[in-house]
Amino acid sequence: MQGARRWVLAAGLVVLAAACSPLKTFNAVVPKDSGASLAVHAAAFGPDPRQRIDVYTPTAMARAPRPIIVFFYGGSWNSGTRSGYAFVGRALAAQGFVVAIPDYRLVPQVRYPAFLEDNAAAVRWVRAHAAEFGGDGDRVVLAGHSAGAYNAAMLALAPRYLGDDREAVRGLIGLAGPYDFLPFDGPIVQQAFGGIGNAVDTQPVHYAGREAPPAFLATADKDDVVKQANSDALASRLEAAGVQVERRRYPKIGHVGLVTAIARPFRSRAPVLADMVAFARRVTDAGPVAAKR
């Protein structure tokens, strides 16, 4: 028991450090879920070295192709690595999903909308290769944390990024995402979005309409990085359009804690993983969203 307590304390210090940096160190030390494996490592979906993707799959045999979750990590659009989120990939894969986590080009190498175009290319790659790793390319959930939740929301809501591939998107999972953040204040947002001709076009709330997929929007009560009003605004717009929305608020955790609660040692802090899985199962078991588009 003492050893377990020491591990949790050490991991907690890593989490605090991760609040200001990508989660690669946290991922390296946190225990991973069994029942999942890395099926595809560093597959290229484009020519740039950052355009690479990992895919995690359940180890259990399946009678039919499995639904797919594509998870986009955060990091202010200027940091992050897919390897730092292996704990997310393995956790969701152990629950029966095929999980893809792409890298994408970051600021300052690129600015908006290039990182969204990379993420769209990753989704198209996943759909094209789904059968190779037991996935169902017609049952896709887009998920993300922080800046990654913004990426997921833009792909799920704005038709121009995925085109016809958007018909396969059965749901959106956003963890502490910025969806309604005009004007562009602060250096991070200015570096990623500053100088855009029509700033409104960069906002996910602008695209919230009846053709949107069901959404799961989660926030942490102690988040001092992304305001909860972003999720409230998007939820309100989607609900007004007749779209099903699950709005979750988790007490006693912060911005980074919302995603680290997915890891095995921290699940008692908030049922983030259980709630994500329940939502993803529900929307991928339902009929196609395309019926109302």
# chains A, B, ... in the order shown; residues from 1 in each chain; ligands from 1
>>> residues_around(residues="Ala158 of chain A", least_positions_apart="4", cutoff="8 Å", atoms="only C-alpha atoms", output="PDB file with all heavy atoms, in the first residue's frame")
ATOM      1  N   MET A 154     -14.138  21.440 -35.104  1.00  0.00           N
ATOM      2  CA  MET A 154     -14.142  22.047 -36.438  1.00  0.00           C
ATOM      3  C   MET A 154     -14.332  20.989 -37.521  1.00  0.00           C
ATOM      4  O   MET A 154     -15.081  21.198 -38.484  1.00  0.00           O
ATOM      5  CB  MET A 154     -12.859  22.828 -36.663  1.00  0.00           C
ATOM      6  CG  MET A 154     -12.810  24.152 -35.920  1.00  0.00           C
ATOM      7  SD  MET A 154     -14.051  25.350 -36.502  1.00  0.00           S
ATOM      8  CE  MET A 154     -13.283  25.923 -38.018  1.00  0.00           C
ATOM      9  N   PRO A 204     -15.910  27.256 -33.859  1.00  0.00           N
ATOM     10  CA  PRO A 204     -16.827  26.126 -33.978  1.00  0.00           C
ATOM     11  C   PRO A 204     -18.292  26.490 -33.772  1.00  0.00           C
ATOM     12  O   PRO A 204     -19.170  25.918 -34.437  1.00  0.00           O
ATOM     13  CB  PRO A 204     -16.328  25.162 -32.891  1.00  0.00           C
ATOM     14  CG  PRO A 204     -14.862  25.439 -32.810  1.00  0.00           C
ATOM     15  CD  PRO A 204     -14.747  26.921 -32.998  1.00  0.00           C
ATOM     16  N   TYR A 207     -20.579  27.081 -36.753  1.00  0.00           N
ATOM     17  CA  TYR A 207     -21.027  25.975 -37.603  1.00  0.00           C
ATOM     18  C   TYR A 207     -22.017  25.050 -36.895  1.00  0.00           C
ATOM     19  O   TYR A 207     -22.360  23.998 -37.432  1.00  0.00           O
ATOM     20  CB  TYR A 207     -19.826  25.163 -38.076  1.00  0.00           C
ATOM     21  CG  TYR A 207     -18.805  25.982 -38.814  1.00  0.00           C
ATOM     22  CD1 TYR A 207     -17.678  26.493 -38.161  1.00  0.00           C
ATOM     23  CD2 TYR A 207     -18.977  26.283 -40.156  1.00  0.00           C
ATOM     24  CE1 TYR A 207     -16.747  27.262 -38.837  1.00  0.00           C
ATOM     25  CE2 TYR A 207     -18.045  27.059 -40.842  1.00  0.00           C
ATOM     26  CZ  TYR A 207     -16.947  27.542 -40.166  1.00  0.00           C
ATOM     27  OH  TYR A 207     -16.031  28.316 -40.838  1.00  0.00           O
TER      28      TYR A 207
END
>>> residues_around(residues="Leu182 of chain A", least_positions_apart="4", cutoff="12 Å", atoms="only C-alpha atoms", output="ChimeraX atom specification")
/A:178,186,189-190,193-194,196,198-206,230
>>> write_last_selection(atoms="N, CA, C and O atoms", output="JSON list (two decimals), in the first residue's frame")
[["chain", "number", "residue", "atom", "x", "y", "z"],
["A", 178, "PRO", "N", -11.84, 25.08, -26.63],
["A", 178, "PRO", "CA", -12.19, 26.47, -26.97],
["A", 178, "PRO", "C", -13.02, 26.49, -28.25],
["A", 178, "PRO", "O", -12.54, 26.10, -29.31],
["A", 186, "GLY", "N", -4.22, 37.43, -26.49],
["A", 186, "GLY", "CA", -3.11, 36.64, -26.00],
["A", 186, "GLY", "C", -2.22, 36.12, -27.10],
["A", 186, "GLY", "O", -2.66, 35.91, -28.23],
["A", 189, "VAL", "N", -3.12, 32.48, -29.04],
["A", 189, "VAL", "CA", -4.18, 32.55, -30.05],
["A", 189, "VAL", "C", -3.76, 33.43, -31.22],
["A", 189, "VAL", "O", -4.04, 33.12, -32.38],
["A", 190, "GLN", "N", -3.05, 34.51, -30.92],
["A", 190, "GLN", "CA", -2.59, 35.39, -32.01],
["A", 190, "GLN", "C", -1.64, 34.65, -32.94],
["A", 190, "GLN", "O", -1.73, 34.79, -34.17],
["A", 193, "PHE", "N", -3.94, 32.11, -34.94],
["A", 193, "PHE", "CA", -5.08, 32.58, -35.72],
["A", 193, "PHE", "C", -4.99, 34.04, -36.17],
["A", 193, "PHE", "O", -5.81, 34.49, -36.96],
["A", 194, "GLY", "N", -4.05, 34.80, -35.64],
["A", 194, "GLY", "CA", -3.99, 36.23, -35.92],
["A", 194, "GLY", "C", -3.86, 36.53, -37.41],
["A", 194, "GLY", "O", -3.19, 35.83, -38.16],
["A", 196, "ILE", "N", -6.28, 36.46, -39.63],
["A", 196, "ILE", "CA", -7.27, 35.78, -40.47],
["A", 196, "ILE", "C", -8.30, 36.80, -40.96],
["A", 196, "ILE", "O", -8.78, 37.64, -40.21],
["A", 198, "ASN", "N", -11.55, 36.54, -42.01],
["A", 198, "ASN", "CA", -12.87, 36.46, -41.38],
["A", 198, "ASN", "C", -12.74, 35.60, -40.12],
["A", 198, "ASN", "O", -12.82, 34.37, -40.18],
["A", 199, "ALA", "N", -12.54, 36.26, -39.00],
["A", 199, "ALA", "CA", -12.27, 35.53, -37.76],
["A", 199, "ALA", "C", -13.44, 34.65, -37.34],
["A", 199, "ALA", "O", -13.25, 33.60, -36.73],
["A", 200, "VAL", "N", -14.66, 35.05, -37.68],
["A", 200, "VAL", "CA", -15.83, 34.26, -37.29],
["A", 200, "VAL", "C", -15.75, 32.85, -37.87],
["A", 200, "VAL", "O", -16.20, 31.87, -37.23],
["A", 201, "ASP", "N", -15.16, 32.71, -39.03],
["A", 201, "ASP", "CA", -15.06, 31.39, -39.67],
["A", 201, "ASP", "C", -14.19, 30.42, -38.90],
["A", 201, "ASP", "O", -14.21, 29.22, -39.16],
["A", 202, "THR", "N", -13.39, 30.92, -37.96],
["A", 202, "THR", "CA", -12.51, 30.05, -37.17],
["A", 202, "THR", "C", -13.21, 29.45, -35.96],
["A", 202, "THR", "O", -12.63, 28.60, -35.27],
["A", 203, "GLN", "N", -14.44, 29.87, -35.67],
["A", 203, "GLN", "CA", -15.11, 29.50, -34.43],
["A", 203, "GLN", "C", -16.08, 28.34, -34.61],
["A", 203, "GLN", "O", -17.02, 28.42, -35.41],
["A", 204, "PRO", "N", -15.91, 27.26, -33.86],
["A", 204, "PRO", "CA", -16.83, 26.13, -33.98],
["A", 204, "PRO", "C", -18.29, 26.49, -33.77],
["A", 204, "PRO", "O", -19.17, 25.92, -34.44],
["A", 205, "VAL", "N", -18.58, 27.46, -32.88],
["A", 205, "VAL", "CA", -19.99, 27.81, -32.65],
["A", 205, "VAL", "C", -20.65, 28.34, -33.93],
["A", 205, "VAL", "O", -21.88, 28.24, -34.08],
["A", 206, "HIS", "N", -19.85, 28.88, -34.83],
["A", 206, "HIS", "CA", -20.38, 29.43, -36.08],
["A", 206, "HIS", "C", -21.01, 28.34, -36.94],
["A", 206, "HIS", "O", -21.89, 28.63, -37.77],
["A", 230, "ASN", "N", -17.05, 28.42, -23.13],
["A", 230, "ASN", "CA", -16.90, 27.91, -24.49],
["A", 230, "ASN", "C", -17.81, 26.71, -24.73],
["A", 230, "ASN", "O", -18.52, 26.63, -25.73]]
>>> residues_around(residues="segment 90-107 of chain A", least_positions_apart="2", cutoff="7 Å", atoms="only C-alpha atoms", output="compact mmCIF listing (two decimals) with all heavy atoms, in the first residue's frame")
# COMPACT_ATOMS: atom_id res chain seq x y z
N LYS A 32 -0.45 1.48 -17.89
CA LYS A 32 -1.37 1.44 -19.02
C LYS A 32 -2.39 0.32 -18.86
O LYS A 32 -2.18 -0.63 -18.11
CB LYS A 32 -0.60 1.22 -20.33
CG LYS A 32 0.60 2.14 -20.56
CD LYS A 32 0.21 3.58 -20.66
CE LYS A 32 1.39 4.43 -21.11
NZ LYS A 32 2.56 4.36 -20.22
N ASP A 33 -3.48 0.44 -19.60
CA ASP A 33 -4.50 -0.60 -19.61
C ASP A 33 -4.02 -1.82 -20.37
O ASP A 33 -3.39 -1.70 -21.44
CB ASP A 33 -5.77 -0.07 -20.28
CG ASP A 33 -6.51 0.91 -19.41
OD1 ASP A 33 -6.10 2.09 -19.36
OD2 ASP A 33 -7.50 0.51 -18.78
N SER A 34 -4.32 -2.99 -19.82
CA SER A 34 -4.13 -4.21 -20.59
C SER A 34 -5.33 -4.36 -21.51
O SER A 34 -6.29 -3.61 -21.41
CB SER A 34 -4.01 -5.41 -19.66
OG SER A 34 -5.17 -5.53 -18.86
N GLY A 35 -5.27 -5.30 -22.42
CA GLY A 35 -6.40 -5.50 -23.32
C GLY A 35 -6.36 -4.62 -24.53
O GLY A 35 -7.34 -4.50 -25.26
N ALA A 36 -5.21 -3.97 -24.76
CA ALA A 36 -5.05 -3.11 -25.94
C ALA A 36 -3.63 -3.22 -26.44
O ALA A 36 -2.69 -3.48 -25.67
CB ALA A 36 -5.40 -1.67 -25.60
N SER A 37 -3.44 -3.00 -27.73
CA SER A 37 -2.10 -3.06 -28.30
C SER A 37 -1.94 -1.99 -29.36
O SER A 37 -2.91 -1.49 -29.94
CB SER A 37 -1.85 -4.44 -28.92
OG SER A 37 -2.75 -4.69 -29.98
N ARG A 50 5.68 15.37 -39.39
CA ARG A 50 4.67 15.47 -38.36
C ARG A 50 3.37 14.76 -38.75
O ARG A 50 2.50 14.54 -37.90
CB ARG A 50 4.35 16.94 -38.08
CG ARG A 50 5.42 17.71 -37.35
CD ARG A 50 5.46 17.39 -35.88
NE ARG A 50 4.17 17.54 -35.21
CZ ARG A 50 3.98 17.26 -33.92
NH1 ARG A 50 4.96 16.79 -33.18
NH2 ARG A 50 2.79 17.42 -33.37
N GLN A 51 3.22 14.41 -39.99
CA GLN A 51 1.97 13.79 -40.46
C GLN A 51 2.07 12.27 -40.32
O GLN A 51 2.16 11.53 -41.30
CB GLN A 51 1.69 14.23 -41.89
CG GLN A 51 1.42 15.72 -42.00
CD GLN A 51 1.40 16.22 -43.43
OE1 GLN A 51 2.14 15.74 -44.29
NE2 GLN A 51 0.56 17.20 -43.71
N ARG A 52 2.03 11.84 -39.07
CA ARG A 52 2.14 10.43 -38.73
C ARG A 52 1.04 10.07 -37.74
O ARG A 52 0.56 10.91 -36.99
CB ARG A 52 3.51 10.10 -38.12
CG ARG A 52 4.70 10.40 -39.05
CD ARG A 52 4.71 9.46 -40.25
NE ARG A 52 5.86 9.68 -41.11
CZ ARG A 52 5.90 10.51 -42.15
NH1 ARG A 52 4.82 11.22 -42.45
NH2 ARG A 52 6.98 10.64 -42.88
N ILE A 53 0.67 8.79 -37.71
CA ILE A 53 -0.47 8.38 -36.89
C ILE A 53 -0.21 7.01 -36.27
O ILE A 53 0.44 6.14 -36.86
CB ILE A 53 -1.76 8.35 -37.76
CG1 ILE A 53 -3.01 8.23 -36.90
CG2 ILE A 53 -1.69 7.24 -38.82
CD1 ILE A 53 -4.29 8.52 -37.67
N ASP A 54 -0.67 6.84 -35.03
CA ASP A 54 -0.65 5.55 -34.33
C ASP A 54 -2.09 5.06 -34.18
O ASP A 54 -3.01 5.86 -34.02
CB ASP A 54 -0.03 5.68 -32.94
CG ASP A 54 1.47 5.95 -32.97
OD1 ASP A 54 2.10 5.76 -34.04
OD2 ASP A 54 2.01 6.36 -31.92
N VAL A 55 -2.25 3.74 -34.20
CA VAL A 55 -3.57 3.14 -34.04
C VAL A 55 -3.50 2.05 -32.97
O VAL A 55 -2.63 1.17 -33.03
CB VAL A 55 -4.09 2.53 -35.36
CG1 VAL A 55 -5.46 1.89 -35.15
CG2 VAL A 55 -4.17 3.60 -36.45
N TYR A 56 -4.41 2.13 -32.01
CA TYR A 56 -4.51 1.14 -30.93
C TYR A 56 -5.76 0.31 -31.14
O TYR A 56 -6.81 0.84 -31.53
CB TYR A 56 -4.58 1.84 -29.57
CG TYR A 56 -3.34 2.65 -29.26
CD1 TYR A 56 -3.23 3.97 -29.70
CD2 TYR A 56 -2.28 2.10 -28.55
CE1 TYR A 56 -2.09 4.71 -29.44
CE2 TYR A 56 -1.14 2.84 -28.29
CZ TYR A 56 -1.05 4.14 -28.74
OH TYR A 56 0.08 4.88 -28.48
N THR A 57 -5.65 -0.99 -30.88
CA THR A 57 -6.78 -1.88 -31.07
C THR A 57 -6.95 -2.78 -29.85
O THR A 57 -5.99 -3.07 -29.13
CB THR A 57 -6.60 -2.77 -32.31
OG1 THR A 57 -5.39 -3.53 -32.17
CG2 THR A 57 -6.53 -1.93 -33.58
N PRO A 58 -8.18 -3.26 -29.60
CA PRO A 58 -8.38 -4.24 -28.52
C PRO A 58 -7.67 -5.54 -28.86
O PRO A 58 -7.55 -5.93 -30.03
CB PRO A 58 -9.90 -4.43 -28.51
CG PRO A 58 -10.46 -3.25 -29.24
CD PRO A 58 -9.44 -2.88 -30.26
N ARG A 66 -15.00 -2.83 -35.56
CA ARG A 66 -15.25 -2.03 -34.37
C ARG A 66 -15.38 -0.55 -34.71
O ARG A 66 -14.76 -0.07 -35.66
CB ARG A 66 -14.10 -2.21 -33.37
CG ARG A 66 -13.88 -3.64 -32.88
CD ARG A 66 -12.70 -3.68 -31.94
NE ARG A 66 -12.38 -5.01 -31.47
CZ ARG A 66 -12.93 -5.62 -30.42
NH1 ARG A 66 -13.86 -4.98 -29.73
NH2 ARG A 66 -12.57 -6.83 -30.05
N PRO A 67 -16.15 0.19 -33.91
CA PRO A 67 -16.20 1.64 -34.10
C PRO A 67 -14.84 2.26 -33.82
O PRO A 67 -14.02 1.71 -33.07
CB PRO A 67 -17.26 2.09 -33.09
CG PRO A 67 -17.32 1.01 -32.08
CD PRO A 67 -17.01 -0.26 -32.80
N ILE A 68 -14.62 3.43 -34.39
CA ILE A 68 -13.32 4.10 -34.33
C ILE A 68 -13.44 5.42 -33.59
O ILE A 68 -14.39 6.18 -33.81
CB ILE A 68 -12.78 4.35 -35.75
CG1 ILE A 68 -12.59 3.03 -36.49
CG2 ILE A 68 -11.47 5.14 -35.72
CD1 ILE A 68 -12.26 3.20 -37.97
N ILE A 69 -12.48 5.70 -32.73
CA ILE A 69 -12.34 7.02 -32.12
C ILE A 69 -11.02 7.62 -32.61
O ILE A 69 -9.96 7.00 -32.46
CB ILE A 69 -12.34 6.95 -30.58
CG1 ILE A 69 -13.68 6.41 -30.06
CG2 ILE A 69 -12.05 8.33 -29.99
CD1 ILE A 69 -13.72 6.22 -28.56
N VAL A 70 -11.09 8.80 -33.20
CA VAL A 70 -9.89 9.54 -33.56
C VAL A 70 -9.71 10.62 -32.51
O VAL A 70 -10.59 11.48 -32.34
CB VAL A 70 -9.99 10.17 -34.96
CG1 VAL A 70 -8.69 10.87 -35.32
CG2 VAL A 70 -10.32 9.10 -36.01
N PHE A 71 -8.58 10.57 -31.80
CA PHE A 71 -8.35 11.49 -30.69
C PHE A 71 -7.26 12.49 -31.06
O PHE A 71 -6.15 12.11 -31.44
CB PHE A 71 -7.93 10.73 -29.43
CG PHE A 71 -7.72 11.62 -28.22
CD1 PHE A 71 -8.79 11.95 -27.40
CD2 PHE A 71 -6.47 12.14 -27.92
CE1 PHE A 71 -8.61 12.77 -26.30
CE2 PHE A 71 -6.28 12.96 -26.83
CZ PHE A 71 -7.35 13.29 -26.02
N PHE A 72 -7.58 13.78 -30.92
CA PHE A 72 -6.64 14.86 -31.20
C PHE A 72 -6.18 15.47 -29.87
O PHE A 72 -7.00 15.93 -29.08
CB PHE A 72 -7.29 15.95 -32.06
CG PHE A 72 -7.87 15.43 -33.34
CD1 PHE A 72 -9.25 15.32 -33.49
CD2 PHE A 72 -7.06 15.03 -34.38
CE1 PHE A 72 -9.80 14.84 -34.67
CE2 PHE A 72 -7.60 14.54 -35.57
CZ PHE A 72 -8.97 14.45 -35.70
N TRP A 77 -1.93 24.30 -29.91
CA TRP A 77 -1.61 24.24 -31.33
C TRP A 77 -0.12 24.40 -31.62
O TRP A 77 0.29 24.52 -32.77
CB TRP A 77 -2.40 25.27 -32.15
CG TRP A 77 -3.87 25.13 -32.04
CD1 TRP A 77 -4.67 24.20 -32.63
CD2 TRP A 77 -4.74 25.96 -31.25
NE1 TRP A 77 -5.97 24.39 -32.27
CE2 TRP A 77 -6.05 25.46 -31.44
CE3 TRP A 77 -4.53 27.08 -30.44
CZ2 TRP A 77 -7.15 26.04 -30.81
CZ3 TRP A 77 -5.62 27.64 -29.81
CH2 TRP A 77 -6.91 27.13 -30.00
N ASN A 78 0.71 24.40 -30.54
CA ASN A 78 2.14 24.59 -30.75
C ASN A 78 3.00 23.53 -30.08
O ASN A 78 4.23 23.62 -30.09
CB ASN A 78 2.58 25.99 -30.28
CG ASN A 78 2.37 26.23 -28.79
OD1 ASN A 78 2.32 25.30 -27.99
ND2 ASN A 78 2.24 27.49 -28.40
N SER A 79 2.38 22.50 -29.51
CA SER A 79 3.14 21.44 -28.86
C SER A 79 2.31 20.17 -28.78
O SER A 79 1.10 20.19 -28.99
CB SER A 79 3.59 21.86 -27.46
OG SER A 79 2.47 22.05 -26.62
N THR A 81 2.70 15.48 -28.76
CA THR A 81 3.11 14.33 -29.57
C THR A 81 2.10 13.21 -29.36
O THR A 81 1.54 13.06 -28.27
CB THR A 81 4.50 13.79 -29.17
OG1 THR A 81 4.45 13.33 -27.81
CG2 THR A 81 5.57 14.87 -29.31
N ARG A 82 1.89 12.43 -30.38
CA ARG A 82 0.94 11.31 -30.27
C ARG A 82 1.41 10.30 -29.23
O ARG A 82 0.59 9.69 -28.53
CB ARG A 82 0.75 10.64 -31.64
CG ARG A 82 1.96 9.93 -32.16
CD ARG A 82 1.80 9.38 -33.57
NE ARG A 82 2.92 8.53 -33.95
CZ ARG A 82 4.09 8.99 -34.40
NH1 ARG A 82 4.29 10.30 -34.54
NH2 ARG A 82 5.06 8.14 -34.70
N ALA A 86 -0.50 7.84 -25.44
CA ALA A 86 -0.72 6.39 -25.55
C ALA A 86 -1.66 5.90 -24.46
O ALA A 86 -2.44 4.97 -24.67
CB ALA A 86 0.60 5.65 -25.49
N PHE A 87 -1.62 6.53 -23.28
CA PHE A 87 -2.52 6.10 -22.19
C PHE A 87 -3.98 6.31 -22.58
O PHE A 87 -4.85 5.53 -22.18
CB PHE A 87 -2.18 6.83 -20.89
CG PHE A 87 -2.55 8.28 -20.84
CD1 PHE A 87 -3.73 8.69 -20.26
CD2 PHE A 87 -1.69 9.26 -21.36
CE1 PHE A 87 -4.07 10.04 -20.20
CE2 PHE A 87 -2.02 10.60 -21.30
CZ PHE A 87 -3.21 11.00 -20.73
N VAL A 88 -4.26 7.33 -23.38
CA VAL A 88 -5.62 7.55 -23.87
C VAL A 88 -5.98 6.47 -24.90
O VAL A 88 -7.05 5.87 -24.85
CB VAL A 88 -5.77 8.95 -24.48
CG1 VAL A 88 -7.16 9.12 -25.11
CG2 VAL A 88 -5.53 10.02 -23.43
N GLN A 109 5.45 26.33 -37.39
CA GLN A 109 5.63 25.80 -38.74
C GLN A 109 4.44 26.14 -39.62
O GLN A 109 4.59 26.47 -40.80
CB GLN A 109 5.82 24.28 -38.70
CG GLN A 109 5.99 23.64 -40.07
CD GLN A 109 6.04 22.12 -40.03
OE1 GLN A 109 5.98 21.52 -38.96
NE2 GLN A 109 6.15 21.49 -41.19
N VAL A 110 3.24 26.06 -39.05
CA VAL A 110 2.02 26.39 -39.78
C VAL A 110 1.11 27.23 -38.88
O VAL A 110 1.36 27.38 -37.68
CB VAL A 110 1.26 25.12 -40.23
CG1 VAL A 110 2.11 24.29 -41.16
CG2 VAL A 110 0.79 24.30 -39.03
N ARG A 111 0.07 27.77 -39.46
CA ARG A 111 -0.98 28.47 -38.73
C ARG A 111 -2.32 27.92 -39.21
O ARG A 111 -2.38 27.09 -40.10
CB ARG A 111 -0.88 29.98 -38.98
CG ARG A 111 0.45 30.58 -38.56
CD ARG A 111 0.57 32.03 -39.01
NE ARG A 111 -0.36 32.90 -38.29
CZ ARG A 111 -1.18 33.76 -38.89
NH1 ARG A 111 -1.21 33.84 -40.22
NH2 ARG A 111 -1.98 34.52 -38.18
N PHE A 115 -3.32 23.12 -39.51
CA PHE A 115 -3.41 22.00 -38.56
C PHE A 115 -4.75 21.29 -38.69
O PHE A 115 -4.83 20.08 -38.47
CB PHE A 115 -3.13 22.45 -37.12
CG PHE A 115 -3.76 23.73 -36.69
CD1 PHE A 115 -5.09 23.78 -36.32
CD2 PHE A 115 -3.01 24.89 -36.63
CE1 PHE A 115 -5.67 24.96 -35.89
CE2 PHE A 115 -3.58 26.09 -36.21
CZ PHE A 115 -4.92 26.13 -35.84
N ASP A 118 -4.44 19.00 -41.70
CA ASP A 118 -3.71 17.78 -41.34
C ASP A 118 -4.62 16.79 -40.63
O ASP A 118 -4.61 15.58 -40.92
CB ASP A 118 -2.53 18.13 -40.43
CG ASP A 118 -1.34 18.69 -41.19
OD1 ASP A 118 -1.45 18.91 -42.42
OD2 ASP A 118 -0.30 18.92 -40.55
N ASN A 119 -5.40 17.28 -39.68
CA ASN A 119 -6.29 16.38 -38.94
C ASN A 119 -7.35 15.77 -39.85
O ASN A 119 -7.72 14.60 -39.70
CB ASN A 119 -6.95 17.15 -37.80
CG ASN A 119 -5.98 17.48 -36.69
OD1 ASN A 119 -5.06 16.74 -36.42
ND2 ASN A 119 -6.19 18.62 -36.03
N ALA A 122 -5.78 12.99 -41.66
CA ALA A 122 -5.64 11.83 -40.79
C ALA A 122 -6.94 11.04 -40.72
O ALA A 122 -6.95 9.80 -40.76
CB ALA A 122 -5.22 12.27 -39.39
N GLY A 135 -11.32 -1.88 -38.01
CA GLY A 135 -12.20 -0.77 -37.71
C GLY A 135 -13.33 -0.63 -38.73
O GLY A 135 -13.22 -1.10 -39.86
N ALA A 192 -1.56 31.49 -33.58
CA ALA A 192 -2.25 30.44 -34.33
C ALA A 192 -3.28 30.99 -35.31
O ALA A 192 -3.47 30.43 -36.39
CB ALA A 192 -2.92 29.46 -33.37
>>> select_by_dssp(residues="segment 60-227 of chain A", states="strand (DSSP E)", output="PyMOL selection string")
chain A and resi 66-72+98-102+135-145+169-175+215-220
>>> select_by_dssp(residues="segment 60-158 of chain A", states="helix (DSSP H, G or I)", output="VMD selection string")
chain A and resid 82 to 93 114 to 133 147 to 157
>>> atom_distance(atom1="atom CA of Gly84 of chain A", atom2="atom CA of Asp138 of chain A")
27.3 Å
>>> atom_distance(atom1="atom CA of Arg210 of chain A", atom2="atom CA of Val126 of chain A")
25.6 Å
>>> residues_around(residues="Ala149 of chain A", least_positions_apart="3", cutoff="8 Å", atoms="only C-alpha atoms", output="JSON, numbers by chain")
{"A": [72, 73, 74, 143, 144, 145, 146, 152, 153, 173, 174, 175, 176, 177, 178]}
>>> residues_around(residues="Arg248 of chain A", least_positions_apart="3", cutoff="10 Å", atoms="only C-alpha atoms", output="short mmCIF file (atom, residue, chain, number, x, y, z; two decimals) with all heavy atoms, in the first residue's frame")
data_model
loop_
_atom_site.label_atom_id
_atom_site.label_comp_id
_atom_site.auth_asym_id
_atom_site.auth_seq_id
_atom_site.Cartn_x
_atom_site.Cartn_y
_atom_site.Cartn_z
N LEU A 175 -13.26 17.73 -24.71
CA LEU A 175 -12.83 17.90 -23.32
C LEU A 175 -12.17 19.27 -23.19
O LEU A 175 -11.09 19.50 -23.74
CB LEU A 175 -11.85 16.80 -22.91
CG LEU A 175 -12.27 15.34 -23.14
CD1 LEU A 175 -11.16 14.40 -22.69
CD2 LEU A 175 -13.58 15.03 -22.43
N PHE A 216 -20.67 15.32 -26.92
CA PHE A 216 -20.37 15.18 -25.50
C PHE A 216 -19.36 16.27 -25.17
O PHE A 216 -18.24 16.25 -25.68
CB PHE A 216 -19.79 13.79 -25.22
CG PHE A 216 -19.30 13.58 -23.81
CD1 PHE A 216 -20.16 13.09 -22.83
CD2 PHE A 216 -17.99 13.86 -23.46
CE1 PHE A 216 -19.72 12.88 -21.53
CE2 PHE A 216 -17.54 13.66 -22.16
CZ PHE A 216 -18.40 13.18 -21.20
N LEU A 217 -19.76 17.24 -24.35
CA LEU A 217 -18.91 18.39 -24.05
C LEU A 217 -18.64 18.43 -22.55
O LEU A 217 -19.57 18.58 -21.75
CB LEU A 217 -19.60 19.68 -24.50
CG LEU A 217 -19.96 19.75 -26.00
CD1 LEU A 217 -20.72 21.03 -26.30
CD2 LEU A 217 -18.72 19.63 -26.88
N ALA A 218 -17.38 18.26 -22.19
CA ALA A 218 -17.01 18.16 -20.78
C ALA A 218 -16.08 19.29 -20.38
O ALA A 218 -15.24 19.74 -21.17
CB ALA A 218 -16.33 16.82 -20.51
N THR A 219 -16.23 19.73 -19.13
CA THR A 219 -15.34 20.74 -18.58
C THR A 219 -14.99 20.37 -17.14
O THR A 219 -15.65 19.56 -16.50
CB THR A 219 -15.99 22.14 -18.59
OG1 THR A 219 -17.27 22.07 -17.95
CG2 THR A 219 -16.17 22.65 -20.00
N ALA A 220 -13.92 21.01 -16.65
CA ALA A 220 -13.47 20.82 -15.27
C ALA A 220 -13.72 22.10 -14.50
O ALA A 220 -13.40 23.20 -14.96
CB ALA A 220 -11.98 20.47 -15.25
N SER A 231 -17.80 25.77 -23.78
CA SER A 231 -18.63 24.58 -23.91
C SER A 231 -20.10 24.92 -23.73
O SER A 231 -20.97 24.34 -24.41
CB SER A 231 -18.21 23.51 -22.90
OG SER A 231 -16.91 23.03 -23.20
N VAL A 245 -27.03 16.79 -27.08
CA VAL A 245 -25.81 17.21 -26.40
C VAL A 245 -25.80 16.64 -24.99
O VAL A 245 -26.81 16.72 -24.27
CB VAL A 245 -25.70 18.75 -26.32
CG1 VAL A 245 -24.43 19.16 -25.58
CG2 VAL A 245 -25.72 19.37 -27.71
N PRO A 251 -16.23 18.30 -10.91
CA PRO A 251 -15.67 19.11 -9.83
C PRO A 251 -14.28 18.62 -9.41
O PRO A 251 -13.87 17.51 -9.73
CB PRO A 251 -16.68 18.91 -8.70
CG PRO A 251 -17.22 17.53 -8.93
CD PRO A 251 -17.27 17.37 -10.45
N VAL A 272 -14.42 10.41 -16.29
CA VAL A 272 -14.29 10.91 -17.66
C VAL A 272 -14.29 9.76 -18.66
O VAL A 272 -15.03 9.79 -19.66
CB VAL A 272 -13.02 11.77 -17.82
CG1 VAL A 272 -12.90 12.28 -19.26
CG2 VAL A 272 -13.04 12.94 -16.85
N ASP A 275 -17.72 8.01 -18.93
CA ASP A 275 -18.70 8.84 -19.62
C ASP A 275 -18.42 8.93 -21.11
O ASP A 275 -19.34 8.90 -21.94
CB ASP A 275 -18.73 10.24 -19.00
CG ASP A 275 -19.30 10.25 -17.59
OD1 ASP A 275 -19.92 9.24 -17.19
OD2 ASP A 275 -19.13 11.26 -16.89
#
>>> closest_residue(among="A:Ala274, A:Ala62, A:Leu172, A:Val141", to="Gln244 of chain A", atoms="only C-alpha atoms")
A:Leu172
